[in-house]
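Here is model_39.tsv, consisting of TSV, C-alpha atoms:
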chain	number	residue	atom	x	y	z
C	1195	MET	CA	123.57	15.25	-12.51
C	1196	SER	CA	125.23	14.69	-15.83
C	1197	VAL	CA	125.13	11.35	-17.70
C	1198	PRO	CA	128.55	10.07	-18.93
C	1199	ASP	CA	128.93	9.79	-22.64
C	1200	THR	CA	128.65	6.26	-23.98
C	1201	LYS	CA	131.47	4.87	-26.08
C	1202	PRO	CA	130.62	4.67	-29.75
C	1203	ALA	CA	129.97	1.10	-30.99
C	1204	ARG	CA	132.77	-0.57	-32.87
C	1205	LYS	CA	132.35	-1.03	-36.55
C	1206	PRO	CA	131.85	-4.75	-37.29
C	1207	ARG	CA	134.88	-6.47	-38.68
C	1208	ARG	CA	134.36	-7.56	-42.25
C	1209	LEU	CA	137.06	-10.23	-42.18
C	1210	GLY	CA	134.67	-12.75	-40.65
C	1211	LEU	CA	132.27	-12.17	-43.51
C	1212	VAL	CA	134.81	-12.09	-46.31
C	1213	LEU	CA	137.08	-14.96	-45.22
C	1214	PRO	CA	134.64	-17.85	-45.91
C	1215	PHE	CA	133.95	-16.51	-49.41
C	1216	ALA	CA	137.64	-16.02	-50.05
C	1217	LEU	CA	138.40	-19.58	-48.94
C	1218	LEU	CA	135.56	-20.88	-51.14
C	1219	ILE	CA	136.89	-19.01	-54.17
C	1220	LEU	CA	140.40	-20.32	-53.46
C	1221	ALA	CA	139.08	-23.88	-53.18
C	1222	VAL	CA	137.20	-23.50	-56.48
C	1223	VAL	CA	140.33	-22.18	-58.20
C	1224	VAL	CA	142.51	-24.99	-56.81
C	1225	TRP	CA	139.95	-27.68	-57.66
C	1226	SER	CA	139.43	-26.25	-61.15
C	1227	GLY	CA	143.17	-26.28	-61.73
C	1228	PHE	CA	143.37	-29.87	-60.53
C	1229	TRP	CA	140.43	-30.91	-62.76
C	1230	PHE	CA	141.92	-29.30	-65.87
C	1231	TRP	CA	145.32	-30.85	-65.11
C	1232	THR	CA	143.67	-34.27	-64.75
C	1233	ARG	CA	141.80	-33.71	-68.00
C	1234	ILE	CA	145.07	-33.03	-69.84
C	1235	GLN	CA	146.73	-36.04	-68.19
C	1236	THR	CA	143.83	-38.28	-69.21
C	1237	GLY	CA	144.14	-37.28	-72.85
C	1238	ASP	CA	147.92	-37.76	-72.80
C	1239	ARG	CA	147.64	-41.20	-71.20
C	1240	MET	CA	145.06	-42.28	-73.77
C	1241	ASP	CA	147.39	-41.19	-76.57
C	1242	GLN	CA	150.33	-43.02	-74.98
C	1243	ALA	CA	148.29	-46.20	-74.46
C	1244	ALA	CA	147.03	-46.12	-78.05
C	1245	GLU	CA	150.57	-45.66	-79.38
C	1246	ALA	CA	151.84	-48.55	-77.23
C	1247	LEU	CA	149.10	-50.80	-78.62
C	1248	ARG	CA	149.92	-49.77	-82.18
C	1249	SER	CA	153.57	-50.65	-81.54
C	1250	ALA	CA	152.41	-54.11	-80.43
C	1251	GLY	CA	150.51	-54.66	-83.69
C	1252	TYR	CA	147.04	-53.41	-82.73
C	1253	GLU	CA	144.97	-51.03	-84.81
C	1254	VAL	CA	143.53	-48.27	-82.61
C	1255	SER	CA	141.71	-45.18	-83.85
C	1256	TRP	CA	138.92	-42.70	-83.21
C	1257	GLU	CA	137.61	-39.83	-85.30
C	1258	ALA	CA	137.06	-37.30	-82.49
C	1259	ARG	CA	137.49	-37.13	-78.72
C	1260	SER	CA	135.92	-34.85	-76.14
C	1261	ILE	CA	136.70	-34.75	-72.41
C	1262	GLY	CA	134.30	-33.01	-70.02
C	1263	GLY	CA	132.43	-33.65	-66.80
C	1264	TYR	CA	133.58	-30.66	-64.74
C	1265	PRO	CA	133.57	-30.39	-61.76
C	1266	PHE	CA	133.28	-33.86	-60.19
C	1267	ARG	CA	133.60	-36.31	-63.10
C	1268	LEU	CA	135.64	-37.05	-66.18
C	1269	ASN	CA	133.50	-37.84	-69.21
C	1270	VAL	CA	135.37	-39.09	-72.28
C	1271	THR	CA	133.43	-39.49	-75.53
C	1272	LEU	CA	134.93	-41.05	-78.67
C	1273	THR	CA	133.28	-41.11	-82.08
C	1274	GLU	CA	133.98	-43.80	-84.69
C	1275	ALA	CA	136.22	-45.67	-82.25
C	1276	GLN	CA	137.71	-49.04	-83.12
C	1277	ILE	CA	140.38	-51.46	-81.95
C	1278	ARG	CA	141.65	-54.57	-83.74
C	1279	GLU	CA	144.12	-57.00	-82.20
C	1280	PRO	CA	146.74	-58.79	-84.33
C	1281	SER	CA	144.88	-62.11	-84.61
C	1282	GLY	CA	141.85	-60.41	-86.19
C	1283	TRP	CA	139.39	-59.87	-83.35
C	1284	ALA	CA	138.03	-56.33	-83.44
C	1285	ILE	CA	135.37	-54.10	-81.94
C	1286	ALA	CA	134.06	-50.77	-83.24
C	1287	THR	CA	131.33	-48.34	-82.25
C	1288	PRO	CA	129.99	-45.06	-83.70
C	1289	ARG	CA	129.97	-43.52	-80.21
C	1290	LEU	CA	131.67	-44.66	-77.01
C	1291	GLU	CA	130.82	-42.81	-73.80
C	1292	SER	CA	132.85	-43.30	-70.63
C	1293	GLU	CA	132.74	-41.77	-67.17
C	1294	ALA	CA	134.73	-41.84	-63.93
C	1295	PHE	CA	134.36	-39.84	-60.72
C	1296	MET	CA	137.31	-37.68	-59.76
C	1297	HIS	CA	137.70	-39.54	-56.47
C	1298	ALA	CA	137.74	-42.94	-58.25
C	1299	LEU	CA	139.65	-42.57	-61.50
C	1300	ASP	CA	140.56	-46.26	-61.43
C	1301	HIS	CA	136.93	-47.24	-62.10
C	1302	TRP	CA	135.36	-46.38	-65.45
C	1303	VAL	CA	131.85	-46.95	-66.77
C	1304	PHE	CA	131.25	-47.27	-70.53
C	1305	ALA	CA	128.20	-47.13	-72.79
C	1306	ALA	CA	127.65	-47.63	-76.52
C	1307	PRO	CA	124.29	-45.90	-77.13
C	1308	ASP	CA	124.48	-46.38	-80.92
C	1309	GLY	CA	125.45	-50.05	-80.75
C	1310	LEU	CA	128.71	-51.73	-81.64
C	1311	THR	CA	130.22	-54.18	-84.11
C	1312	PHE	CA	132.55	-57.04	-83.22
C	1313	THR	CA	134.55	-58.90	-85.83
C	1314	ARG	CA	135.47	-62.58	-85.71
C	1315	PRO	CA	138.76	-63.51	-87.45
C	1316	GLN	CA	137.29	-66.23	-89.66
C	1317	SER	CA	133.57	-65.60	-89.49
C	1318	GLY	CA	133.17	-61.88	-90.13
C	1319	SER	CA	131.41	-59.07	-88.32
C	1320	VAL	CA	128.30	-58.98	-86.14
C	1321	GLN	CA	126.32	-55.79	-85.52
C	1322	VAL	CA	125.06	-55.55	-81.92
C	1323	ASN	CA	122.29	-53.16	-80.82
C	1324	GLY	CA	120.29	-53.05	-77.63
C	1325	ARG	CA	118.23	-50.96	-75.26
C	1326	VAL	CA	121.27	-50.99	-72.96
C	1327	LEU	CA	124.90	-51.76	-73.83
C	1328	ARG	CA	127.16	-50.86	-70.94
C	1329	ALA	CA	130.34	-52.02	-69.22
C	1330	SER	CA	132.62	-51.12	-66.32
C	1331	LEU	CA	136.35	-51.58	-65.73
C	1332	GLY	CA	138.33	-51.44	-62.49
C	1333	ASP	CA	141.29	-53.00	-60.66
C	1334	THR	CA	143.38	-52.50	-63.79
C	1335	ASP	CA	146.57	-53.21	-61.83
C	1336	ARG	CA	145.42	-56.81	-61.19
C	1337	LYS	CA	145.09	-59.90	-63.37
C	1338	PRO	CA	142.40	-60.24	-64.35
C	1339	PRO	CA	140.94	-56.77	-63.85
C	1340	SER	CA	137.36	-56.34	-62.70
C	1341	PHE	CA	135.17	-56.14	-65.79
C	1342	ASP	CA	131.40	-56.19	-66.24
C	1343	PHE	CA	129.28	-56.10	-69.37
C	1344	GLN	CA	125.49	-55.98	-69.61
C	1345	GLY	CA	123.29	-55.88	-72.67
C	1346	LEU	CA	119.49	-55.64	-72.45
C	1347	ASP	CA	117.12	-56.42	-75.34
C	1348	VAL	CA	120.10	-57.20	-77.54
C	1349	ILE	CA	119.86	-57.79	-81.30
C	1350	PHE	CA	122.64	-59.60	-83.21
C	1351	ALA	CA	122.88	-59.14	-86.99
C	1352	PRO	CA	125.77	-60.65	-89.03
C	1353	GLY	CA	127.37	-58.19	-91.43
C	1354	PRO	CA	127.41	-58.58	-95.22
C	1355	GLY	CA	129.20	-61.78	-96.19
C	1356	ALA	CA	129.66	-62.87	-92.56
C	1357	GLN	CA	128.83	-66.31	-91.25
C	1358	PRO	CA	125.69	-66.63	-89.07
C	1359	PHE	CA	125.90	-65.91	-85.36
C	1360	ALA	CA	124.43	-68.39	-82.87
C	1361	LEU	CA	121.82	-65.94	-81.54
C	1362	SER	CA	119.58	-63.43	-83.23
C	1363	SER	CA	118.49	-61.74	-79.98
C	1364	ALA	CA	118.54	-62.03	-76.19
C	1365	GLU	CA	116.68	-60.41	-73.35
C	1366	GLU	CA	119.94	-60.09	-71.42
C	1367	VAL	CA	123.61	-60.85	-72.00
C	1368	ALA	CA	125.95	-60.56	-69.01
C	1369	PHE	CA	129.67	-61.11	-68.62
C	1370	HIS	CA	131.64	-60.65	-65.38
C	1371	LEU	CA	135.35	-61.03	-64.65
C	1372	ARG	CA	136.86	-60.72	-61.19
C	1373	PRO	CA	140.37	-61.06	-59.72
C	1374	GLY	CA	140.69	-63.53	-56.89
C	1375	PRO	CA	143.18	-64.84	-54.33
C	1376	GLU	CA	146.07	-67.17	-55.14
C	1377	ASP	CA	146.48	-65.94	-58.73
C	1378	GLN	CA	142.90	-66.87	-59.63
C	1379	GLY	CA	140.16	-65.20	-61.58
C	1380	ALA	CA	136.40	-65.75	-61.69
C	1381	MET	CA	134.46	-65.63	-64.96
C	1382	PHE	CA	130.71	-65.67	-65.49
C	1383	LEU	CA	128.81	-65.60	-68.78
C	1384	GLY	CA	125.04	-65.61	-68.96
C	1385	VAL	CA	122.44	-65.37	-71.72
C	1386	THR	CA	118.77	-65.05	-70.77
C	1387	LYS	CA	115.87	-65.72	-73.14
C	1388	GLY	CA	117.94	-65.80	-76.27
C	1389	GLN	CA	116.52	-66.58	-79.68
C	1390	ALA	CA	118.43	-68.74	-82.13
C	1391	GLN	CA	118.93	-67.71	-85.73
C	1392	PHE	CA	116.09	-68.89	-87.95
C	1393	SER	CA	118.33	-71.48	-89.57
C	1394	GLY	CA	121.11	-73.71	-88.36
C	1395	MET	CA	121.66	-76.03	-85.48
C	1396	PHE	CA	120.45	-73.84	-82.61
C	1397	ALA	CA	117.14	-73.19	-84.30
C	1398	ARG	CA	116.65	-76.92	-84.87
C	1399	ILE	CA	117.43	-77.67	-81.25
C	1400	ALA	CA	115.47	-74.80	-79.74
C	1401	GLN	CA	112.42	-75.27	-81.99
C	1402	ASP	CA	111.43	-71.60	-81.50
C	1403	GLY	CA	112.01	-71.87	-77.75
C	1404	ASP	CA	114.29	-69.71	-75.60
C	1405	VAL	CA	118.03	-70.30	-75.37
C	1406	ASP	CA	119.53	-69.80	-71.90
C	1407	LEU	CA	123.24	-70.11	-71.18
C	1408	LYS	CA	125.20	-70.04	-67.94
C	1409	TRP	CA	128.96	-70.49	-67.56
C	1410	ASP	CA	130.58	-69.97	-64.13
C	1411	ALA	CA	134.25	-70.89	-63.83
C	1412	VAL	CA	137.37	-70.20	-61.75
C	1413	LEU	CA	140.57	-69.67	-63.73
C	1414	SER	CA	144.05	-70.39	-62.32
C	1415	LYS	CA	147.50	-68.93	-63.13
C	1416	MET	CA	146.03	-65.64	-64.32
C	1417	SER	CA	149.33	-63.77	-63.97
C	1418	ALA	CA	150.56	-65.80	-66.97
C	1419	PHE	CA	147.69	-64.64	-69.19
C	1420	ASP	CA	149.74	-62.09	-71.07
C	1421	GLY	CA	150.78	-61.57	-74.69
C	1422	THR	CA	150.67	-59.28	-77.68
C	1423	ASP	CA	147.42	-60.86	-78.91
C	1424	TRP	CA	144.78	-63.40	-77.90
C	1425	PRO	CA	146.59	-66.56	-79.19
C	1426	SER	CA	149.90	-65.70	-77.50
C	1427	ALA	CA	148.16	-64.83	-74.21
C	1428	VAL	CA	146.29	-68.16	-74.22
C	1429	ARG	CA	149.49	-70.07	-75.09
C	1430	ASN	CA	151.42	-68.44	-72.24
C	1431	TRP	CA	148.56	-69.17	-69.85
C	1432	ALA	CA	148.35	-72.81	-70.95
C	1433	LEU	CA	152.14	-73.31	-70.73
C	1434	ALA	CA	152.04	-72.02	-67.14
C	1435	GLY	CA	149.44	-74.67	-66.27
C	1436	GLY	CA	146.37	-72.46	-66.39
C	1437	MET	CA	143.07	-74.31	-66.09
C	1438	ALA	CA	139.36	-73.54	-65.84
C	1439	GLN	CA	137.50	-75.20	-62.96
C	1440	ILE	CA	133.80	-75.25	-63.87
C	1441	GLN	CA	131.58	-74.29	-60.93
C	1442	GLU	CA	128.24	-74.29	-62.73
C	1443	ALA	CA	127.30	-74.33	-66.39
C	1444	GLY	CA	124.38	-75.19	-68.59
C	1445	LEU	CA	122.71	-74.65	-71.92
C	1446	THR	CA	118.95	-74.86	-72.37
C	1447	ALA	CA	117.49	-74.67	-75.86
C	1448	GLY	CA	113.77	-75.35	-76.02
C	1449	GLU	CA	113.20	-78.71	-74.38
C	1450	ALA	CA	116.83	-79.80	-74.76
C	1451	MET	CA	119.25	-79.16	-71.91
C	1452	ILE	CA	122.92	-79.73	-71.19
C	1453	GLY	CA	123.90	-79.15	-67.55
C	1454	VAL	CA	127.52	-79.33	-66.44
C	1455	ASN	CA	127.86	-80.81	-62.97
C	1456	ARG	CA	131.63	-80.38	-62.72
C	1457	GLY	CA	134.70	-80.38	-64.90
C	1458	GLN	CA	138.15	-79.05	-65.69
C	1459	LEU	CA	139.28	-77.59	-68.99
C	1460	PHE	CA	142.62	-76.42	-70.34
C	1461	VAL	CA	144.09	-75.61	-73.76
C	1462	GLY	CA	146.45	-77.90	-75.61
C	1463	PRO	CA	149.41	-76.89	-77.81
C	1464	ASP	CA	147.14	-77.21	-80.86
C	1465	GLY	CA	144.86	-74.46	-79.51
C	1466	ARG	CA	141.97	-76.85	-78.85
C	1467	LEU	CA	140.20	-77.54	-75.58
C	1468	ARG	CA	141.18	-80.51	-73.45
C	1469	GLY	CA	139.54	-81.92	-70.35
C	1470	THR	CA	136.31	-83.59	-69.21
C	1471	LEU	CA	132.86	-82.33	-68.26
C	1472	ASP	CA	130.37	-84.44	-66.30
C	1473	VAL	CA	127.03	-83.49	-67.79
C	1474	THR	CA	123.30	-84.06	-67.44
C	1475	LEU	CA	121.43	-84.31	-70.76
C	1476	ARG	CA	117.72	-83.83	-71.29
C	1477	GLU	CA	116.13	-84.59	-74.67
C	1478	ALA	CA	119.68	-85.35	-75.86
C	1479	PRO	CA	118.69	-87.57	-78.83
C	1480	GLU	CA	116.65	-84.76	-80.36
C	1481	ALA	CA	119.49	-82.28	-79.85
C	1482	LEU	CA	122.08	-84.60	-81.38
C	1483	GLU	CA	119.86	-85.42	-84.35
C	1484	ALA	CA	119.46	-81.67	-84.90
C	1485	LEU	CA	123.26	-81.35	-84.94
C	1486	GLY	CA	123.37	-83.96	-87.67
C	1487	ALA	CA	120.53	-82.41	-89.65
C	1488	GLY	CA	122.23	-79.04	-89.44
C	1489	GLY	CA	125.47	-80.41	-90.81
C	1490	VAL	CA	127.43	-79.74	-87.62
C	1491	LEU	CA	128.03	-83.46	-87.12
C	1492	PRO	CA	128.24	-86.15	-89.78
C	1493	PRO	CA	124.79	-87.77	-89.91
C	1494	GLU	CA	126.14	-91.22	-88.98
C	1495	THR	CA	128.02	-89.77	-85.98
C	1496	ALA	CA	124.95	-87.85	-84.82
C	1497	ASP	CA	122.78	-90.97	-85.17
C	1498	THR	CA	125.25	-93.06	-83.13
C	1499	ALA	CA	125.56	-90.44	-80.42
C	1500	ALA	CA	121.77	-90.03	-80.28
C	1501	ALA	CA	121.43	-93.79	-79.86
C	1502	VAL	CA	123.95	-93.77	-77.01
C	1503	ALA	CA	122.15	-90.90	-75.28
C	1504	SER	CA	118.78	-92.57	-75.78
C	1505	ALA	CA	120.05	-95.79	-74.22
C	1506	ARG	CA	121.39	-93.93	-71.20
C	1507	GLN	CA	118.42	-91.70	-70.45
C	1508	GLY	CA	115.67	-92.81	-68.13
C	1509	ALA	CA	111.91	-92.45	-68.21
C	1510	ASP	CA	112.28	-88.70	-67.55
C	1511	ASN	CA	114.34	-88.32	-70.74
C	1512	VAL	CA	117.42	-87.38	-68.68
C	1513	ALA	CA	120.82	-89.02	-69.09
C	1514	GLN	CA	124.18	-88.73	-67.30
C	1515	ALA	CA	127.31	-88.73	-69.44
C	1516	ALA	CA	130.82	-87.33	-69.82
C	1517	ILE	CA	131.94	-85.01	-72.59
C	1518	THR	CA	135.68	-85.33	-73.16
C	1519	PHE	CA	137.98	-83.14	-75.22
C	1520	GLN	CA	141.24	-84.84	-76.13
C	1521	ALA	CA	143.47	-85.47	-79.13
C	1522	GLY	CA	141.58	-82.78	-81.00
C	1523	GLN	CA	138.26	-84.63	-80.71
C	1524	THR	CA	135.07	-84.32	-78.69
C	1525	THR	CA	133.53	-87.53	-77.38
C	1526	LEU	CA	130.17	-88.12	-75.71
C	1527	GLY	CA	130.72	-91.19	-73.58
C	1528	PRO	CA	132.54	-93.60	-75.94
C	1529	VAL	CA	131.34	-91.91	-79.16
C	1530	ALA	CA	133.37	-89.29	-81.04
C	1531	ILE	CA	131.01	-86.51	-82.09
C	1532	GLY	CA	133.36	-84.02	-83.73
C	1533	PRO	CA	136.48	-81.88	-83.34
C	1534	ALA	CA	137.26	-80.25	-80.01
C	1535	PRO	CA	136.48	-76.51	-79.89
C	1536	ARG	CA	139.39	-74.34	-80.94
C	1537	VAL	CA	140.31	-71.49	-78.61
C	1538	TYR	CA	142.85	-69.91	-80.97

Output the file's structure as structure tokens, nothing else.
Amino acid sequence: MSVPDTKPARKPRRLGLVLPFALLILAVVVWSGFWFWTRIQTGDRMDQAAEALRSAGYEVSWEARSIGGYPFRLNVTLTEAQIREPSGWAIATPRLESEAFMHALDHWVFAAPDGLTFTRPQSGSVQVNGRVLRASLGDTDRKPPSFDFQGLDVIFAPGPGAQPFALSSAEEVAFHLRPGPEDQGAMFLGVTKGQAQFSGMFARIAQDGDVDLKWDAVLSKMSAFDGTDWPSAVRNWALAGGMAQIQEAGLTAGEAMIGVNRGQLFVGPDGRLRGTLDVTLREAPEALEALGAGGVLPPETADTAAAVASARQGADNVAQAAITFQAGQTTLGPVAIGPAPRVY
């Protein structure tokens, strides 16, 4: 009996093996093209934004720019970057690093590893260095945008010829800005374990103790906060009825403390603060006498205010009072203690 011949086995199809690799290569080529296109667009948009700011009176410059981060991020690094707005406020850094993921190009993270310098219009520059100096920016289509800044182990050093800065160092400096409902914005500023400069009013008040600051407020009419520079933006905001509703605030310097229980603030046509803060004062006489000794308040005004605070405080050295800003003056209870702070 003969055995029938078996059919030869089919050669395996190679398409099943090649197709996945071909699709992967195609995906890499398409993604690479998209990344390089986005890289070019990012550079062009930066140039356009810088030119728009220059047309509005800003000074914007950088010495060199590199854009990398392939394949899943965009990393933009600027050297010798600086920006100055028309009223004189400016910020500069030897190296600014920024990063965004390709799937979230509306959210950027920034770092200044070599420190930065900010310039005050009337008081000069301050060099800022720290173990960490970083920030993030998002929701740029809203007012205000989402912005966060954090500095750890921060050192403040006034530049040559500049006026002193309130702090010489701080364990942490934090600033947060958030958009909210009904044309509102939330703002938080915090300083933890700060050290006052070795001379001046804060040093006298703190007496080598830590300076802690907290300022938590809700801002209204944020869509009106717009202008070519800081003064015009504040004016437009104030004219629209913008106000700051204080949620929680306080300043502790050594044994002295000012705690804000509640209050509303706005800006008058003269650029100075207006409004009232209900405050709790601890060791207020000592703090006010330090203001007089430091030349911030006239000695007779400081003595009168210290006497008022001393009369109001109880056995625990705590007093309740109101700080009012009006007609260009600051009053503690019934006593004028100096000019109201100027915003612009």

Q: State, in Å with one decimal place, the distance from atom CA of Ser1317 of chain C to atom CA of Ile1285 of chain C.
A: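 Separation between atom CA of Ser1317 of chain C and atom CA of Ile1285 of chain C: 13.9 Å.
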
Q | Between atom CA of Asp1423 of chain C and atom CA of Ala1250 of chain C - distance in Å to one decimal | A | 8.5 Å

Q: Could you tell me how far atom CA of Leu1217 of chain C lies from atom CA of Gly1262 of chain C, in Å and to one decimal?
A: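 Spanning atom CA of Leu1217 of chain C to atom CA of Gly1262 of chain C is a straight-line distance of 25.3 Å.
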
Q. For Trp1409 of chain C, which residue among C:Thr1474, C:Ile1452, C:Met1437, C:Ala1390 is the nearest when counting only C-alpha atoms?
A. C:Ile1452

Listed atoms of segment 1411-1420 of chain C boxed axis-aligned with 4 Å per side, centre + edges as AutoDock Vina command-line options:
--center_x 142.4 --center_y -66.5 --center_z -66.4 --size_x 24.3 --size_y 16.8 --size_z 17.3

(Q) Residues within 10 Å of (141.0, -46.9, -59.8), file coordinates, counting only C-alpha atoms: what are they? Give the list as a PyMOL selection string. (A) chain C and resi 1294-1302+1331-1335

Q. Which residue, C:Ile1349, C:Ala1530, C:Val1461, C:Ile1517, has the smallest gap to Ala1427 of chain C when you use all atoms listed in the file?
A.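 That would be C:Val1461, the residue with the smallest distance to Ala1427 of chain C.
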
Q.
Taking (116.5, -68.8, -79.7) in the coordinates of the supplied file, I want to know which residues reach to within 6 Å of it, counting only C-alpha atoms; could you give the answer as a VMD selection string?
A. chain C and resid 1388 to 1390 1403 to 1405

Write out the residues from the selection above, keeping C-alpha atoms, as a tab-separated table (two decimals), in the coordinates of the input.
chain	number	residue	atom	x	y	z
C	1388	GLY	CA	117.94	-65.80	-76.27
C	1389	GLN	CA	116.52	-66.58	-79.68
C	1390	ALA	CA	118.43	-68.74	-82.13
C	1403	GLY	CA	112.01	-71.87	-77.75
C	1404	ASP	CA	114.29	-69.71	-75.60
C	1405	VAL	CA	118.03	-70.30	-75.37

**Q.** C:Arg1372, C:Arg1456, C:Arg1289, C:Lys1408 ranked by distance to Phe1341 of chain C, top pick (using all atoms listed in the file)
**A.** C:Arg1372

Q | Pick from C:Pro1339, C:Pro1425, C:Asn1323, C:Phe1266, whichever lies nearest to Ser1362 of chain C using all atoms listed in the file | A |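 Of C:Pro1339, C:Pro1425, C:Asn1323, C:Phe1266, the one nearest Ser1362 of chain C is C:Asn1323, counting all atoms listed in the file.
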
As an mmCIF file with C-alpha atoms, keeping the file's coordinate frame, please: the residues near Ser1414 of chain C (cut-off 10 Å, only C-alpha atoms, same-chain neighbours under 2 positions excluded).
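Below is the file around_27.cif, written as the result:
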data_model
loop_
_atom_site.group_PDB
_atom_site.id
_atom_site.type_symbol
_atom_site.label_atom_id
_atom_site.label_comp_id
_atom_site.auth_asym_id
_atom_site.auth_seq_id
_atom_site.Cartn_x
_atom_site.Cartn_y
_atom_site.Cartn_z
ATOM 1 C CA GLY C 1374 140.690 -63.530 -56.890
ATOM 2 C CA PRO C 1375 143.180 -64.840 -54.330
ATOM 3 C CA GLU C 1376 146.070 -67.170 -55.140
ATOM 4 C CA ASP C 1377 146.480 -65.940 -58.730
ATOM 5 C CA GLN C 1378 142.900 -66.870 -59.630
ATOM 6 C CA GLY C 1379 140.160 -65.200 -61.580
ATOM 7 C CA ALA C 1380 136.400 -65.750 -61.690
ATOM 8 C CA ALA C 1411 134.250 -70.890 -63.830
ATOM 9 C CA VAL C 1412 137.370 -70.200 -61.750
ATOM 10 C CA MET C 1416 146.030 -65.640 -64.320
ATOM 11 C CA SER C 1417 149.330 -63.770 -63.970
ATOM 12 C CA ALA C 1418 150.560 -65.800 -66.970
ATOM 13 C CA PHE C 1419 147.690 -64.640 -69.190
ATOM 14 C CA TRP C 1431 148.560 -69.170 -69.850
ATOM 15 C CA ALA C 1432 148.350 -72.810 -70.950
ATOM 16 C CA ALA C 1434 152.040 -72.020 -67.140
ATOM 17 C CA GLY C 1435 149.440 -74.670 -66.270
ATOM 18 C CA GLY C 1436 146.370 -72.460 -66.390
ATOM 19 C CA MET C 1437 143.070 -74.310 -66.090
ATOM 20 C CA ALA C 1438 139.360 -73.540 -65.840
ATOM 21 C CA GLN C 1439 137.500 -75.200 -62.960
#

Q. For Ala1306 of chain C, which residue among C:Tyr1538, C:Phe1460, C:Tyr1252, C:Phe1343 is the nearest when counting all atoms listed in the file?
A.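 Of C:Tyr1538, C:Phe1460, C:Tyr1252, C:Phe1343, the one nearest Ala1306 of chain C, counting all atoms listed in the file, is C:Phe1343.
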
With all atoms listed in the file as the counted atoms, please give the residues lying no more than 7 Å from Gly1282 of chain C, apart from itself and same-chain residues fewer than 4 positions off, as a CSV table (one decimal) with C-alpha atoms, in the coordinates of the input.
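The file below, selection.csv, is the result:
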chain,number,residue,atom,x,y,z
C,1278,ARG,CA,141.6,-54.6,-83.7
C,1314,ARG,CA,135.5,-62.6,-85.7
C,1315,PRO,CA,138.8,-63.5,-87.4

Q: Considering only C-alpha atoms, return as a list in words whatever protein or nucleic-acid residues lie within 8 Å of Ser1260 of chain C, sequence-local ones (same chain, fewer than 2 positions apart) excluded.
A: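 Those residues are Ala1258, Gly1262, Asn1269, Val1270, Thr1271 and Leu1272 of chain C.
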
Q.
Using only C-alpha atoms, can you tell me which of C:Ala1515, C:Asp1497, C:Arg1267, C:Met1240 comes closest to Ser1226 of chain C?
A.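 Under the stated criterion, the closest residue is C:Arg1267.
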
Q. Near Gly1309 of chain C, counting only C-alpha atoms, which residues have an atom at most 8 Å away, once you skip same-chain residues fewer than 5 positions from it, shown as a ChimeraX atom specification?
A. /C:1287-1289,1321-1324,1327

Q.
Show me, as a list of chain:residue names, the residues that have an atom within 9 Å of Gly1453 of chain C when counting all atoms listed in the file, minus same-chain residues fewer than 2 positions from it.
A. C:Glu1442, C:Ala1443, C:Gly1444, C:Leu1445, C:Thr1446, C:Met1451, C:Asn1455, C:Asp1472, C:Val1473, C:Thr1474, C:Leu1475, C:Arg1476
